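Only one structure is covered here, and it is reproduced in the block below.
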Amino acid sequence: MLYTKKALQMGAIAVGLAAFAGQSSLAESAKKEDSKTSARTETMQVMPELTMASHFVGVPYNQSGVSVSVINPEEFQKEGIETLTGALSQTPGVFTLDGGGTWQRGSVSNTVIRGMNKETYTLTMVDGMRISDVNMSGNKLLGITNLFTVGNVEVVKGAQGAVFGSGAIGGVVAMDTPEGEGDPVTRIFAEAGSFGTFNSYVTSSGKIKKLSYFVGVGFETTENDPTIYDSIYDNRTGMNDFRQWQEALRLGYDVNDKVKLSFTYRRLDSYFEYPTPYVDYSDWMNPVTDSHLYNTEDKNRSNLVTGRVDAELSKLWSTSFMVGHYNMNYSSHTPEYDFQPNVMRNRRFQAEWRNALTWNKQWTTIAGMAWDRSDYMSENNYVSKDEWQSTLAFFAEQMWAPTDNFDASLALRLEHDNVWNNHFTWRYSNSWKVTGKDSPTRIFGSVGSGFRAPTYFERYAANYGYVGNPDLDISKSLGGDLGVEQRLADNHYASVTGFWTRVNDEIGSDSSVYPYTFKNYSHCTSYGVEVAFKGQFKDAWNSGYYANYTFTMPKRDSIGKYETIQMANTARHTINAEIHTSPLEKLTVGFGVTSAMGRTDYDYARLDNFFTARVFARYQVTDNVALHVRVENLFDQNFIITNDYNFGPRQARGLGVFGGVTVEF
């Protein structure tokens with residue numbers, strides 16, 4: 001509980017600083033203006049207005065043929081979901097666990113989009129910067145990010161190599177720092193609850209003449225649930241703590257109505273300690289597990305800075321130029337072991353120039369170039385590597401709208417890498433409103449290619465029972481989808497989307513030998529269907545709902561002693577649903593469920609099906625003060641999250657109750 005007391009003190013300091021910043025900082029509220037005009041007939045926003053990440057420029061959601069889900073953080077926070085993994089777990093086509101791969105805050109996320117199970121198959125973007133890299137830092141970021149300092153998040157599904165380059169085989173998670181708009185508003189959030197949890201955030205945003213700002217700072221601490229470890233261990237408590245600071249800043253300046261400048265800065269500092277068993281593999285066929293758990297400490301610090309200028313040079317030509325720098329320092333250390341800490345550092349510099357040429361209402365051309373350099377260092381008892389990688393890319397997208405009912409685009413990208421040479425990717429997409437401009441039926445689809453290079457860990461690993469393979473080849477993919485979106489009534493929608501992806505020369509671990517190594521397998525495939533319903537009842541207590549079901553068949557083929565098997569860390573069936581209502585003017589209550597069936601662990605073994613439920617309530621005491629409460633794992637379901645050689649079975653986190661207050665002024 002020491003961390004909780006410290007958190008209260010630091011939270012009070014943060015409140016004062018952010019409140020002061022809210023009166024003096026600058027901000028920006030420019031809405032993206034490079035999209036086409038979109039007519040709306042509904043007063044409530046059930047479907048998103050824009051998609052900013054699925055093309056090189058923003059387009060109306062209903063004119064994009066790319067399958068994309070847009071996450072509104074403020075909506076999820078009102079529904080008792082405060083983490084990025086929590087929001088992703090409620091997204092069609094995505095399988096992940098709230099709190100990371102072990103359902104404990106601080107653990108690394110295992111985010112699977114449409115059965116593509118590798119962390120390197122999901123590309124993470126923040127403020128236009130590529131965060132996913134050779135050391136999988138994007139997957140660490142997904143696991144620990146809260147929603148309070150995040151603007152809209154988009155999950156772009158399928159092979160997106162033509163738009164985003166390497167790593168976008170399964171899809172892309174793109175997020176940004178919020179833009180300030182309107183009169184200055186300061187929001188203070190504080191919450192406490194089970195597992196010694198305390199969470200506090202302060203944000204302030206607004207626009208003053210040509211200047212706009214968003215500033216946010218938060219602190220979180222939790223002791224997690226130590227009972228998840230098997231009873232064979234004699235000390236299962238007192239060492240499962242997580243704490244972190246997150247800060248974000250966005251400044252904007254409208255030079256005139258044609259030119260905008262923006263600047264963002266994000267910082268993250270996290271600490272996660274967790275029990276680690278010692279396994280003696282001197283007799284490989286009969287490993288012996290020490291009954292005493294040892295304390296491992298993970299420390300993660302990162303900084304992200306970007307600058308951007310957007311200009312409309314003429315009615316024909318608009319241009320955008322962005323530069324950014326990202327650095328991440330990560331270390332993992334078990335003091336009781338006689339080992340040097342495992343240290344990884346990543347430095348990335350990125351520059352990108354985009355140009356949009358609007359020839360007429362039917363034709364728009366986007367073209368540009370991007371360059372980045374990534375430096376990576378890894379050091380431990382077994383290996384010391386300091387490598388760098390540089391990429392130059394040229395890209396273009398041709399967008400065509402011959403009628404008000406039909407939109408199509410073709411995107412192309414050529415990348416040259418100093419390590420992996422040249423790679424060409426492409427993507428075609430189209431959207432067709434079947435019966436007219438305001439049609440209740442829309443058919444959309446896309447097909448494209450992608451690739452991903454081996455990580456430095458896969459090439460050079462020499463620790464934790466792994467040996468790298470420097471002779472690995474690049475994995476290449478081809479995938480597509482076809483969907484139908486139907487407006488059932490005003491503010492009520494349903495969609496069905498079929499998808500498939502094939503990855504050739506898939507990179508995977510070879511567990512038939514020890515230490516483990518990596519090799520290129522023949523291929524893996526994933527196909528399935530997403531079904532989604534979403535709606536709101538305007539005249540029924542302001543009620544709303546969503547329900548999503550995803551079926552996938554993620555298979556790995558030709559892997560030596562095995563035949564076709566389900567890929568690791570995947571689920572064949574996922575279900576998530578929620579309903580909320582306001583029986584009283586100031587009260588909102590809701591109930592949600594999440595379930596996954598046909599699961600596998602990291603070694604392809606079957607895991608339990610699981611079903612969890614949650615309830616939440618929010619009461620608006622005054623215009624400025626709101627109280628909330630939420631209960632997670634309502635029925636205290638006990639199931640195995642993961643099962644591996646080192647840890648044995650890890651149980652799900654038990655029932656948790658959390659409550660807090662939000663103040664605005």
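Chain labels A, B, ... are given in the sequence in which chains occur in the structure tokens; within each chain residues are numbered consecutively from 1, and ligands are likewise numbered from 1 in the order shown.
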
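Near region 443-450 of chain A, within a cut-off of 7 Å and counting only C-alpha atoms, sit the residues Gly65, Val66, Ala159, Gln160, Gly161, Ser166, Ala168, Ile169, Thr425, Trp426, Arg427, Tyr428, Ser429, Asn430, Ser431, Trp432, Lys433, Lys476, Ser477, Leu478, Gly479, Gly480, Asp481, Leu482, Gly483, Val484 and Glu485 of chain A, with same-chain residues fewer than 6 positions away left out.
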
Skipping near chain neighbours, those fewer than 4 positions away, what residues fall within 12 Å of Asn152 (chain A) using only C-alpha atoms, listed as a count of residues only?
27

DSSP on the backbone: what in region 63-192 of chain A comes out strand (DSSP E), as a ChimeraX atom specification?
/A:68-71,94-95,112-113,122-126,129-130,153-157,171-175,185-192

Write out as a list in words the residues lying within 9 Å of Lys78 (chain A), counting only C-alpha atoms and excluding same-chain residues fewer than 6 positions away.
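That gives Thr588, Phe616, Ala617, Arg618 and His628 of chain A.
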
Those same residues, written as a PDB file, in the first residue's frame with all heavy atoms?
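As written to disk, again.pdb reads:
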ATOM      1  N   THR A 588     -26.494   6.452 -15.565  1.00  0.00           N
ATOM      2  CA  THR A 588     -26.295   5.492 -16.650  1.00  0.00           C
ATOM      3  C   THR A 588     -25.747   4.202 -16.058  1.00  0.00           C
ATOM      4  O   THR A 588     -24.794   4.226 -15.270  1.00  0.00           O
ATOM      5  CB  THR A 588     -25.306   6.022 -17.699  1.00  0.00           C
ATOM      6  OG1 THR A 588     -25.816   7.236 -18.260  1.00  0.00           O
ATOM      7  CG2 THR A 588     -25.101   5.007 -18.815  1.00  0.00           C
ATOM      8  N   PHE A 616     -21.297  -1.620 -14.797  1.00  0.00           N
ATOM      9  CA  PHE A 616     -20.788  -0.282 -14.515  1.00  0.00           C
ATOM     10  C   PHE A 616     -21.957   0.670 -14.317  1.00  0.00           C
ATOM     11  O   PHE A 616     -23.074   0.432 -14.813  1.00  0.00           O
ATOM     12  CB  PHE A 616     -19.879   0.211 -15.646  1.00  0.00           C
ATOM     13  CG  PHE A 616     -20.546   0.301 -16.991  1.00  0.00           C
ATOM     14  CD1 PHE A 616     -21.185   1.472 -17.400  1.00  0.00           C
ATOM     15  CD2 PHE A 616     -20.543  -0.778 -17.857  1.00  0.00           C
ATOM     16  CE1 PHE A 616     -21.797   1.568 -18.642  1.00  0.00           C
ATOM     17  CE2 PHE A 616     -21.152  -0.697 -19.100  1.00  0.00           C
ATOM     18  CZ  PHE A 616     -21.780   0.474 -19.495  1.00  0.00           C
ATOM     19  N   ALA A 617     -21.699   1.734 -13.590  1.00  0.00           N
ATOM     20  CA  ALA A 617     -22.707   2.768 -13.362  1.00  0.00           C
ATOM     21  C   ALA A 617     -22.007   4.110 -13.262  1.00  0.00           C
ATOM     22  O   ALA A 617     -20.890   4.208 -12.739  1.00  0.00           O
ATOM     23  CB  ALA A 617     -23.507   2.491 -12.096  1.00  0.00           C
ATOM     24  N   ARG A 618     -22.677   5.146 -13.752  1.00  0.00           N
ATOM     25  CA  ARG A 618     -22.140   6.505 -13.705  1.00  0.00           C
ATOM     26  C   ARG A 618     -23.277   7.448 -13.324  1.00  0.00           C
ATOM     27  O   ARG A 618     -24.357   7.414 -13.932  1.00  0.00           O
ATOM     28  CB  ARG A 618     -21.560   6.892 -15.070  1.00  0.00           C
ATOM     29  CG  ARG A 618     -20.937   8.300 -15.126  1.00  0.00           C
ATOM     30  CD  ARG A 618     -20.453   8.603 -16.521  1.00  0.00           C
ATOM     31  NE  ARG A 618     -19.878   9.924 -16.642  1.00  0.00           N
ATOM     32  CZ  ARG A 618     -18.600  10.217 -16.464  1.00  0.00           C
ATOM     33  NH1 ARG A 618     -17.756   9.248 -16.152  1.00  0.00           N
ATOM     34  NH2 ARG A 618     -18.157  11.449 -16.594  1.00  0.00           N
ATOM     35  N   HIS A 628     -18.576   7.236 -10.445  1.00  0.00           N
ATOM     36  CA  HIS A 628     -18.700   5.998 -11.206  1.00  0.00           C
ATOM     37  C   HIS A 628     -18.248   4.814 -10.370  1.00  0.00           C
ATOM     38  O   HIS A 628     -17.463   4.951  -9.423  1.00  0.00           O
ATOM     39  CB  HIS A 628     -17.870   6.066 -12.498  1.00  0.00           C
ATOM     40  CG  HIS A 628     -16.397   5.945 -12.277  1.00  0.00           C
ATOM     41  ND1 HIS A 628     -15.583   7.030 -12.026  1.00  0.00           N
ATOM     42  CD2 HIS A 628     -15.578   4.856 -12.244  1.00  0.00           C
ATOM     43  CE1 HIS A 628     -14.341   6.626 -11.861  1.00  0.00           C
ATOM     44  NE2 HIS A 628     -14.297   5.303 -11.987  1.00  0.00           N
TER      45      HIS A 628
END

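CA of Tyr460 (chain A) is positioned 17.4 Å from CA of Ser475 (chain A).
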
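The space between CA of Lys361 (chain A) and CA of Asn491 (chain A) spans 28.7 Å.
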
Counting only C-alpha atoms, which residues of region 129-173 of chain A sit at most 10 Å from some atom of region 205-218 of chain A, and what is each one's closest atom pair with its distance in Å to one decimal, listed by chain and rising residue number, as a Markdown table?
| residue | atom | partner | partner_atom | distance |
| --- | --- | --- | --- | --- |
| A:Asn146 | CA | A:Gly218 | CA | 9.1 |
| A:Phe148 | CA | A:Gly216 | CA | 7.7 |
| A:Thr149 | CA | A:Gly216 | CA | 5.8 |
| A:Val150 | CA | A:Gly216 | CA | 9.4 |

Generate the output file for the selected residues, N, CA and C atoms, as a compact mmCIF listing (two decimals), in the first residue's frame.
# COMPACT_ATOMS: atom_id res chain seq x y z
N ASN A 146 -3.14 3.81 -21.14
CA ASN A 146 -4.49 4.20 -20.73
C ASN A 146 -5.11 5.09 -21.80
N PHE A 148 -6.80 7.96 -21.29
CA PHE A 148 -7.04 9.34 -20.89
C PHE A 148 -6.26 10.35 -21.73
N THR A 149 -5.10 9.96 -22.23
CA THR A 149 -4.29 10.89 -23.02
C THR A 149 -4.21 10.46 -24.48
N VAL A 150 -5.25 9.76 -24.93
CA VAL A 150 -5.28 9.26 -26.30
C VAL A 150 -6.51 9.82 -27.00

So, counting only C-alpha atoms, which residue among A:Asp623, A:Ile507, A:Arg413, A:Val185 is closest to Ala453 (chain A)?
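With only C-alpha atoms as the atom set, the closest residue is A:Ile507.
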